[in-house]
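Engineer: Following this line is model.cif, made up of mmCIF, C-alpha atoms and all ligand atoms; chains and numbers go by the auth columns:
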data_protein
#
loop_
_atom_site.group_PDB
_atom_site.id
_atom_site.type_symbol
_atom_site.label_atom_id
_atom_site.label_comp_id
_atom_site.label_asym_id
_atom_site.label_seq_id
_atom_site.Cartn_x
_atom_site.Cartn_y
_atom_site.Cartn_z
_atom_site.B_iso_or_equiv
_atom_site.auth_seq_id
_atom_site.auth_asym_id
ATOM 1 C CA MET A 1 -27.354 2.531 4.605 0.00 309 P
ATOM 2 C CA ALA A 2 -26.585 3.806 8.031 0.00 310 P
ATOM 3 C CA VAL A 3 -23.879 4.795 10.395 0.00 311 P
ATOM 4 C CA GLN A 4 -23.127 1.783 12.559 0.00 312 P
ATOM 5 C CA LYS A 5 -21.811 1.586 16.101 0.00 313 P
ATOM 6 C CA LEU A 6 -18.034 1.258 16.235 0.00 314 P
ATOM 7 C CA LEU A 7 -16.689 -1.475 18.483 0.00 315 P
ATOM 8 C CA ARG A 8 -13.972 -0.315 20.820 0.00 316 P
ATOM 9 C CA MET A 9 -10.825 -2.010 22.095 0.00 317 P
ATOM 10 C CA GLY A 10 -11.838 -4.499 24.747 0.00 318 P
ATOM 11 C CA ASP A 11 -14.712 -5.912 22.727 0.00 319 P
ATOM 12 C CA PRO A 12 -13.742 -9.538 22.070 0.00 320 P
ATOM 13 C CA ARG A 13 -15.116 -9.380 18.522 0.00 321 P
ATOM 14 C CA LEU A 14 -12.134 -7.201 17.598 0.00 322 P
ATOM 15 C CA LEU A 15 -9.832 -10.131 18.407 0.00 323 P
ATOM 16 C CA GLU A 16 -11.451 -12.650 16.080 0.00 324 P
ATOM 17 C CA ILE A 17 -10.224 -13.882 12.709 0.00 325 P
ATOM 18 C CA ALA A 18 -12.522 -12.680 9.919 0.00 326 P
ATOM 19 C CA ALA A 19 -13.902 -15.111 7.352 0.00 327 P
ATOM 20 C CA PRO A 20 -13.326 -14.683 3.611 0.00 328 P
ATOM 21 C CA VAL A 21 -16.149 -13.314 1.505 0.00 329 P
ATOM 22 C CA ARG A 22 -17.574 -16.091 -0.683 0.00 330 P
ATOM 23 C CA ASP A 23 -20.465 -14.359 -2.443 0.00 331 P
ATOM 24 C CA PHE A 24 -19.746 -11.206 -4.442 0.00 332 P
ATOM 25 C CA ASP A 25 -21.977 -8.457 -5.746 0.00 333 P
ATOM 26 C CA THR A 26 -24.845 -9.409 -3.427 0.00 334 P
ATOM 27 C CA PRO A 27 -27.321 -6.943 -1.909 0.00 335 P
ATOM 28 C CA ALA A 28 -26.105 -7.824 1.595 0.00 336 P
ATOM 29 C CA LEU A 29 -22.504 -7.102 0.632 0.00 337 P
ATOM 30 C CA HIS A 30 -23.433 -3.739 -0.889 0.00 338 P
ATOM 31 C CA VAL A 31 -25.351 -2.783 2.256 0.00 339 P
ATOM 32 C CA LEU A 32 -22.347 -3.737 4.404 0.00 340 P
ATOM 33 C CA ILE A 33 -19.997 -1.589 2.310 0.00 341 P
ATOM 34 C CA ALA A 34 -22.403 1.354 2.243 0.00 342 P
ATOM 35 C CA ASP A 35 -22.693 1.137 6.030 0.00 343 P
ATOM 36 C CA MET A 36 -18.915 1.010 6.350 0.00 344 P
ATOM 37 C CA LEU A 37 -18.477 4.059 4.095 0.00 345 P
ATOM 38 C CA ASP A 38 -21.117 5.984 6.073 0.00 346 P
ATOM 39 C CA THR A 39 -19.551 4.982 9.387 0.00 347 P
ATOM 40 C CA MET A 40 -16.022 5.903 8.288 0.00 348 P
ATOM 41 C CA ALA A 41 -17.190 9.262 6.934 0.00 349 P
ATOM 42 C CA ALA A 42 -19.172 10.098 10.083 0.00 350 P
ATOM 43 C CA ALA A 43 -16.131 9.341 12.235 0.00 351 P
ATOM 44 C CA GLY A 44 -13.727 11.204 9.948 0.00 352 P
ATOM 45 C CA GLY A 45 -11.550 8.116 9.509 0.00 353 P
ATOM 46 C CA VAL A 46 -9.189 7.102 6.710 0.00 354 P
ATOM 47 C CA GLY A 47 -10.012 3.415 6.903 0.00 355 P
ATOM 48 C CA LEU A 48 -12.372 0.884 8.422 0.00 356 P
ATOM 49 C CA ALA A 49 -12.563 -2.888 8.649 0.00 357 P
ATOM 50 C CA ALA A 50 -15.817 -4.848 8.845 0.00 358 P
ATOM 51 C CA PRO A 51 -15.016 -6.347 12.278 0.00 359 P
ATOM 52 C CA GLN A 52 -15.041 -2.802 13.676 0.00 360 P
ATOM 53 C CA ILE A 53 -18.802 -2.716 13.097 0.00 361 P
ATOM 54 C CA GLY A 54 -19.239 -6.259 14.336 0.00 362 P
ATOM 55 C CA VAL A 55 -19.140 -8.090 10.993 0.00 363 P
ATOM 56 C CA GLY A 56 -16.577 -10.885 10.871 0.00 364 P
ATOM 57 C CA LEU A 57 -15.838 -10.755 7.147 0.00 365 P
ATOM 58 C CA GLN A 58 -12.651 -9.913 5.279 0.00 366 P
ATOM 59 C CA VAL A 59 -13.774 -6.493 4.067 0.00 367 P
ATOM 60 C CA VAL A 60 -11.783 -3.285 4.489 0.00 368 P
ATOM 61 C CA ILE A 61 -12.280 0.195 3.095 0.00 369 P
ATOM 62 C CA PHE A 62 -9.784 3.044 3.054 0.00 370 P
ATOM 63 C CA GLY A 63 -8.926 6.206 1.207 0.00 371 P
ATOM 64 C CA PHE A 64 -9.188 9.971 1.304 0.00 372 P
ATOM 65 C CA GLU A 65 -8.264 13.123 -0.545 0.00 373 P
ATOM 66 C CA ARG A 66 -7.414 15.032 2.564 0.00 374 P
ATOM 67 C CA ASN A 67 -8.092 14.111 6.164 0.00 375 P
ATOM 68 C CA GLU A 68 -8.147 16.250 9.293 0.00 376 P
ATOM 69 C CA ARG A 69 -6.876 13.368 11.389 0.00 377 P
ATOM 70 C CA TYR A 70 -3.782 12.970 9.161 0.00 378 P
ATOM 71 C CA PRO A 71 -3.223 16.394 7.564 0.00 379 P
ATOM 72 C CA GLU A 72 0.305 15.529 6.392 0.00 380 P
ATOM 73 C CA ALA A 73 -0.639 12.315 4.593 0.00 381 P
ATOM 74 C CA GLU A 74 -0.618 12.056 0.815 0.00 382 P
ATOM 75 C CA PRO A 75 -3.997 11.117 -0.746 0.00 383 P
ATOM 76 C CA VAL A 76 -5.005 7.454 -1.004 0.00 384 P
ATOM 77 C CA PRO A 77 -7.637 6.344 -3.562 0.00 385 P
ATOM 78 C CA LEU A 78 -10.928 5.284 -2.011 0.00 386 P
ATOM 79 C CA THR A 79 -10.856 1.493 -2.116 0.00 387 P
ATOM 80 C CA CYS A 80 -13.060 -1.411 -1.019 0.00 388 P
ATOM 81 C CA LEU A 81 -10.824 -4.452 -0.631 0.00 389 P
ATOM 82 C CA LEU A 82 -12.098 -7.947 0.069 0.00 390 P
ATOM 83 C CA ASN A 83 -10.108 -11.051 1.024 0.00 391 P
ATOM 84 C CA PRO A 84 -6.842 -9.113 1.003 0.00 392 P
ATOM 85 C CA GLN A 85 -3.355 -10.543 0.942 0.00 393 P
ATOM 86 C CA ILE A 86 -0.284 -8.465 1.739 0.00 394 P
ATOM 87 C CA THR A 87 3.227 -9.239 0.558 0.00 395 P
ATOM 88 C CA PRO A 88 6.008 -7.087 2.050 0.00 396 P
ATOM 89 C CA LEU A 89 8.487 -5.906 -0.600 0.00 397 P
ATOM 90 C CA GLY A 90 11.800 -5.944 1.188 0.00 398 P
ATOM 91 C CA GLU A 91 12.423 -5.782 4.892 0.00 399 P
ATOM 92 C CA ASP A 92 12.425 -1.997 5.262 0.00 400 P
ATOM 93 C CA GLU A 93 10.150 -0.696 7.973 0.00 401 P
ATOM 94 C CA GLU A 94 9.267 2.780 9.072 0.00 402 P
ATOM 95 C CA LEU A 95 7.739 4.209 12.204 0.00 403 P
ATOM 96 C CA GLY A 96 4.644 6.342 11.907 0.00 404 P
ATOM 97 C CA TRP A 97 1.815 7.599 14.075 0.00 405 P
ATOM 98 C CA GLU A 98 -1.484 5.760 13.856 0.00 406 P
ATOM 99 C CA GLY A 99 -4.877 6.080 15.376 0.00 407 P
ATOM 100 C CA CYS A 100 -7.865 3.787 15.151 0.00 408 P
ATOM 101 C CA LEU A 101 -11.597 4.421 15.342 0.00 409 P
ATOM 102 C CA SER A 102 -11.750 1.475 17.767 0.00 410 P
ATOM 103 C CA VAL A 103 -9.130 3.106 20.016 0.00 411 P
ATOM 104 C CA PRO A 104 -10.606 6.602 20.162 0.00 412 P
ATOM 105 C CA GLY A 105 -8.612 9.564 21.367 0.00 413 P
ATOM 106 C CA LEU A 106 -5.229 7.834 21.261 0.00 414 P
ATOM 107 C CA ARG A 107 -2.254 7.643 18.929 0.00 415 P
ATOM 108 C CA GLY A 108 0.760 5.395 18.844 0.00 416 P
ATOM 109 C CA GLU A 109 3.938 5.092 16.854 0.00 417 P
ATOM 110 C CA VAL A 110 3.829 1.825 14.933 0.00 418 P
ATOM 111 C CA PRO A 111 6.426 0.080 12.738 0.00 419 P
ATOM 112 C CA ARG A 112 5.107 -1.002 9.332 0.00 420 P
ATOM 113 C CA TYR A 113 6.655 -2.305 6.143 0.00 421 P
ATOM 114 C CA THR A 114 7.573 0.637 3.939 0.00 422 P
ATOM 115 C CA ARG A 115 6.625 -1.040 0.658 0.00 423 P
ATOM 116 C CA ILE A 116 4.035 -3.717 0.078 0.00 424 P
ATOM 117 C CA ARG A 117 2.096 -5.414 -2.667 0.00 425 P
ATOM 118 C CA TYR A 118 -1.542 -6.030 -1.838 0.00 426 P
ATOM 119 C CA GLN A 119 -4.009 -8.141 -3.687 0.00 427 P
ATOM 120 C CA GLY A 120 -7.675 -8.749 -3.161 0.00 428 P
ATOM 121 C CA LEU A 121 -11.061 -8.398 -4.759 0.00 429 P
ATOM 122 C CA THR A 122 -13.544 -5.605 -5.322 0.00 430 P
ATOM 123 C CA PRO A 123 -17.170 -6.039 -4.159 0.00 431 P
ATOM 124 C CA ALA A 124 -17.897 -7.182 -7.730 0.00 432 P
ATOM 125 C CA GLY A 125 -15.229 -9.869 -7.468 0.00 433 P
ATOM 126 C CA GLU A 126 -12.662 -8.159 -9.698 0.00 434 P
ATOM 127 C CA LEU A 127 -8.978 -8.352 -8.926 0.00 435 P
ATOM 128 C CA ILE A 128 -7.094 -5.534 -7.198 0.00 436 P
ATOM 129 C CA ASP A 129 -3.288 -5.775 -7.346 0.00 437 P
ATOM 130 C CA ARG A 130 -1.259 -2.764 -6.232 0.00 438 P
ATOM 131 C CA THR A 131 2.268 -1.980 -5.139 0.00 439 P
ATOM 132 C CA VAL A 132 2.335 0.939 -2.714 0.00 440 P
ATOM 133 C CA GLU A 133 4.497 2.608 -0.107 0.00 441 P
ATOM 134 C CA GLY A 134 4.395 5.163 2.671 0.00 442 P
ATOM 135 C CA PHE A 135 1.080 6.105 4.252 0.00 443 P
ATOM 136 C CA HIS A 136 -0.921 4.091 1.712 0.00 444 P
ATOM 137 C CA ALA A 137 1.039 0.969 2.694 0.00 445 P
ATOM 138 C CA ARG A 138 0.577 1.831 6.367 0.00 446 P
ATOM 139 C CA VAL A 139 -3.204 2.195 6.103 0.00 447 P
ATOM 140 C CA VAL A 140 -3.577 -1.128 4.286 0.00 448 P
ATOM 141 C CA GLN A 141 -1.451 -2.943 6.869 0.00 449 P
ATOM 142 C CA HIS A 142 -3.442 -1.358 9.701 0.00 450 P
ATOM 143 C CA GLU A 143 -6.831 -2.252 8.207 0.00 451 P
ATOM 144 C CA CYS A 144 -5.831 -5.796 7.275 0.00 452 P
ATOM 145 C CA ASP A 145 -4.579 -6.338 10.823 0.00 453 P
ATOM 146 C CA HIS A 146 -8.204 -5.909 11.956 0.00 454 P
ATOM 147 C CA LEU A 147 -9.037 -9.035 9.920 0.00 455 P
ATOM 148 C CA ILE A 148 -6.661 -11.113 12.032 0.00 456 P
ATOM 149 C CA GLY A 149 -7.747 -9.635 15.339 0.00 457 P
ATOM 150 C CA ARG A 150 -4.821 -7.239 15.743 0.00 458 P
ATOM 151 C CA LEU A 151 -5.138 -3.648 16.922 0.00 459 P
ATOM 152 C CA TYR A 152 -2.200 -1.296 16.399 0.00 460 P
ATOM 153 C CA PRO A 153 -1.106 -1.137 20.085 0.00 461 P
ATOM 154 C CA THR A 154 -0.191 -4.833 19.794 0.00 462 P
ATOM 155 C CA ARG A 155 2.255 -3.918 16.984 0.00 463 P
ATOM 156 C CA MET A 156 4.000 -1.192 18.964 0.00 464 P
ATOM 157 C CA ARG A 157 7.542 -1.681 20.221 0.00 465 P
ATOM 158 C CA ASP A 158 7.873 1.437 22.376 0.00 466 P
ATOM 159 C CA LEU A 159 4.825 2.100 24.522 0.00 467 P
ATOM 160 C CA ARG A 160 6.306 5.442 25.546 0.00 468 P
ATOM 161 C CA LYS A 161 5.160 6.536 22.076 0.00 469 P
ATOM 162 C CA PHE A 162 1.519 5.932 22.952 0.00 470 P
ATOM 163 C CA GLY A 163 -0.764 8.615 24.259 0.00 471 P
ATOM 164 C CA PHE A 164 -3.747 10.842 23.950 0.00 472 P
ATOM 165 C CA THR A 165 -3.984 12.677 20.636 0.00 473 P
ATOM 166 C CA GLU A 166 -4.818 15.933 22.385 0.00 474 P
ATOM 167 C CA GLU A 167 -1.581 15.743 24.368 0.00 475 P
ATOM 168 C CA LEU A 168 0.640 14.476 21.542 0.00 476 P
ATOM 169 C CA PHE A 169 -0.795 16.687 18.779 0.00 477 P
ATOM 170 C CA PRO A 170 -2.673 19.605 20.322 0.00 478 P
ATOM 171 C CA ASP A 171 -3.650 20.925 16.865 0.00 479 P
ATOM 172 C CA LEU A 172 -5.406 17.743 15.666 0.00 480 P
ATOM 173 C CA ARG A 173 -8.892 16.454 16.316 0.00 481 P
ATOM 174 C CA ALA A 174 -9.003 13.215 18.267 0.00 482 P
HETATM 175 NI NI NI B . -8.169 0.624 13.079 0.00 501 P
#
What's the structure tokens form of this structure?
Ligand code: NI
Structural biologist:
Amino acid sequence: MAVQKLLRMGDPRLLEIAAPVRDFDTPALHVLIADMLDTMAAAGGVGLAAPQIGVGLQVVIFGFERNERYPEAEPVPLTCLLNPQITPLGEDEELGWEGCLSVPGLRGEVPRYTRIRYQGLTPAGELIDRTVEGFHARVVQHECDHLIGRLYPTRMRDLRKFGFTEELFPDLRA
């Protein structure tokens, strides 16, 4: 279990399509998830996808009680989600500010579906099936985008709403 190096935007591995997990509850999978949890905690993030530490598997983690990077956000249960599938519920979208541990120091305003259903598996291979909205829905969409090689700036529609966290939100940590 160890904090791993975070890949940053520009690394071609962040643009690859991740492969589904085939073997559940294995020692290697538990080490990967422990490393991801350690890495996310060390960086103070609310979510992390395996490709961000150079592992091309469909594994994302997210969740927090309270987070300094997103002090206004409602809590999201800590979740390890494998082989996720997202179904938008309706066409409603909302704009919200996002950051990414692979795009350090920056924030952008990104449109996301307001309400989604997401399904996937736990590390033990058990089904997860949730209907969520708001920041929870945003985090899941952001993390799952990493599995298809998308970083949030490529989802933005108004690049004027893209900038350094310290300039946009002087009270927040980058
Ligand atoms: Ni990210």
Engineer: If you apply the PyMOL selection byres (((not hetatm)) within 9 of (chain P and resi 501)) to this file, what residues do you get, as an MDAnalysis selection string?
Structural biologist: chainID P and resid 353 355:357 360 406:411 447 450:454 458:460
Engineer: Would you write out those residues with C-alpha atoms, as a tab-separated table (two decimals), in the coordinates of the input?
Structural biologist:
chain	number	residue	atom	x	y	z
P	353	GLY	CA	-11.55	8.12	9.51
P	355	GLY	CA	-10.01	3.42	6.90
P	356	LEU	CA	-12.37	0.88	8.42
P	357	ALA	CA	-12.56	-2.89	8.65
P	360	GLN	CA	-15.04	-2.80	13.68
P	406	GLU	CA	-1.48	5.76	13.86
P	407	GLY	CA	-4.88	6.08	15.38
P	408	CYS	CA	-7.86	3.79	15.15
P	409	LEU	CA	-11.60	4.42	15.34
P	410	SER	CA	-11.75	1.48	17.77
P	411	VAL	CA	-9.13	3.11	20.02
P	447	VAL	CA	-3.20	2.19	6.10
P	450	HIS	CA	-3.44	-1.36	9.70
P	451	GLU	CA	-6.83	-2.25	8.21
P	452	CYS	CA	-5.83	-5.80	7.28
P	453	ASP	CA	-4.58	-6.34	10.82
P	454	HIS	CA	-8.20	-5.91	11.96
P	458	ARG	CA	-4.82	-7.24	15.74
P	459	LEU	CA	-5.14	-3.65	16.92
P	460	TYR	CA	-2.20	-1.30	16.40
Engineer: Range 381-400 of chain P near range 329-332 of chain P within 12 Å: what's each residue's closest atom pair and its distance in Å to one decimal, counting all atoms listed in the file, ordered by chain then ascending residue number, as CSV?
Structural biologist:
residue,atom,partner,partner_atom,distance
P:Leu389,CA,P:Val329,CA,10.6
P:Leu390,CA,P:Val329,CA,6.9
P:Asn391,CA,P:Val329,CA,6.5
P:Pro392,CA,P:Val329,CA,10.2
Engineer: CA of Arg468 in chain P and CA of Arg446 in chain P are how many Å apart?
Structural biologist: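 Going from CA of Arg468 in chain P over to CA of Arg446 in chain P covers 20.3 Å.
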Engineer: Name all residues at most 8 Å from Ile341 in chain P (count only C-alpha atoms; drop same-chain ones fewer than 4 positions away) and give them as a PyMOL selection string.
Structural biologist: chain P and resi 337+345+369+388
Engineer: CA of Ala351 in chain P and CA of Met317 in chain P, how far apart in Å?
Structural biologist: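 Straight-line distance from CA of Met317 in chain P to CA of Ala351 in chain P works out to 15.9 Å.
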Engineer: Which one of P:Tyr421, P:Ile456, P:Asp466, P:Val367 sits closest to Leu340 in chain P if you count only C-alpha atoms?
Structural biologist: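 Under the stated criterion, the closest residue is P:Val367.
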Engineer: Might you spell out which residues the PyMOL selection byres (((chain P and resi 310) around 7) and not hetatm) would select in the displayed file, as a list in words?
Structural biologist: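 Applied to this file, the PyMOL selection byres (((chain P and resi 310) around 7) and not hetatm) returns Met309, Val311, Gln312, Asp343 and Asp346 of chain P.
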Engineer: Restricting the calculation to all atoms listed in the file, which member of P:Thr387, P:Phe477, P:Ala349, P:Leu315 is positioned closest to Thr430 in chain P?
Structural biologist: P:Thr387
Engineer: Written as a VMD selection string, which residues does the PyMOL selection byres (((chain P and resi 384) around 7) and not hetatm) give for the file shown?
Structural biologist: chain P and resid 371 to 373 382 to 383 385 to 386 444
Engineer: For Thr439 in chain P, please output as a PyMOL selection string all residues within 7 Å (counting all atoms listed in the file; exclusion window: fewer than 2 positions along the same chain).
Structural biologist: chain P and resi 424-426
Engineer: Using all atoms listed in the file, which residue out of P:Leu476, P:Ile436, P:Met348, P:Val339 lies closest to Glu417 in chain P?
Structural biologist: P:Leu476
Engineer: Rank P:Leu429, P:Arg423, P:Leu467, P:Gly364 by their smallest atom-to-atom distance to Gly398 in chain P, using only C-alpha atoms, and report the top residue only.
Structural biologist: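 Looking only at the distances to Gly398 in chain P, the closest residue turns out to be P:Arg423.
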Engineer: Quote the spacing between CA of Arg415 in chain P and CA of Asp479 in chain P in Å to one decimal place.
Structural biologist: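 Value for the CA of Arg415 in chain P-CA of Asp479 in chain P distance: 13.5 Å.
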Engineer: Rank P:Ala445, P:Leu314, P:Leu435, P:Leu480 by their smallest atom-to-atom distance to Thr347 in chain P, using only C-alpha atoms, and report the top residue only.
Structural biologist: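 The shortest atom-to-atom distance to Thr347 in chain P comes from P:Leu314.
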Engineer: For Gly471 in chain P, list every protein, DNA or RNA residue within 9 Å, evaluated using all atoms listed in the file, and leave out those in the same chain fewer than 6 positions away; present the list as a PyMOL selection string.
Structural biologist: chain P and resi 413-416
Engineer: Determine the nearest neighbour of Glu380 in chain P from the options P:Thr422, P:Glu441, P:Thr473, P:Trp405, counting all atoms listed in the file.
Structural biologist: P:Trp405
Engineer: Output as a compact mmCIF listing (two decimals), keeping the file's coordinate frame: range 365-376 of chain P, completed with N, CA, C and O atoms.
Structural biologist:
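Generated output (result_10.txt):
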# COMPACT_ATOMS: atom_id res chain seq x y z
N LEU P 365 -16.18 -10.44 8.54
CA LEU P 365 -15.84 -10.76 7.15
C LEU P 365 -14.60 -9.98 6.73
O LEU P 365 -14.34 -8.88 7.25
N GLN P 366 -13.88 -10.54 5.76
CA GLN P 366 -12.65 -9.91 5.28
C GLN P 366 -12.97 -8.79 4.29
O GLN P 366 -12.82 -8.94 3.08
N VAL P 367 -13.44 -7.69 4.85
CA VAL P 367 -13.77 -6.49 4.07
C VAL P 367 -13.13 -5.29 4.74
O VAL P 367 -13.35 -5.06 5.94
N VAL P 368 -12.32 -4.54 3.98
CA VAL P 368 -11.78 -3.28 4.49
C VAL P 368 -12.05 -2.19 3.46
O VAL P 368 -12.13 -2.45 2.26
N ILE P 369 -12.20 -0.97 3.96
CA ILE P 369 -12.28 0.20 3.10
C ILE P 369 -11.25 1.20 3.59
O ILE P 369 -10.90 1.23 4.78
N PHE P 370 -10.73 2.00 2.67
CA PHE P 370 -9.78 3.04 3.05
C PHE P 370 -9.70 4.04 1.91
O PHE P 370 -10.08 3.74 0.78
N GLY P 371 -9.17 5.21 2.24
CA GLY P 371 -8.93 6.21 1.21
C GLY P 371 -9.44 7.57 1.60
O GLY P 371 -10.35 7.69 2.42
N PHE P 372 -8.82 8.58 1.01
CA PHE P 372 -9.19 9.97 1.30
C PHE P 372 -8.42 10.88 0.36
O PHE P 372 -7.37 10.52 -0.16
N GLU P 373 -8.98 12.06 0.16
CA GLU P 373 -8.26 13.12 -0.55
C GLU P 373 -7.41 13.90 0.44
O GLU P 373 -6.24 14.13 0.24
N ARG P 374 -8.09 14.31 1.50
CA ARG P 374 -7.41 15.03 2.56
C ARG P 374 -8.16 14.70 3.85
O ARG P 374 -9.37 14.56 3.82
N ASN P 375 -7.43 14.53 4.94
CA ASN P 375 -8.09 14.11 6.16
C ASN P 375 -7.57 14.93 7.34
O ASN P 375 -6.37 15.09 7.51
N GLU P 376 -8.53 15.42 8.15
CA GLU P 376 -8.15 16.25 9.29
C GLU P 376 -7.35 15.48 10.33
O GLU P 376 -6.56 16.05 11.08
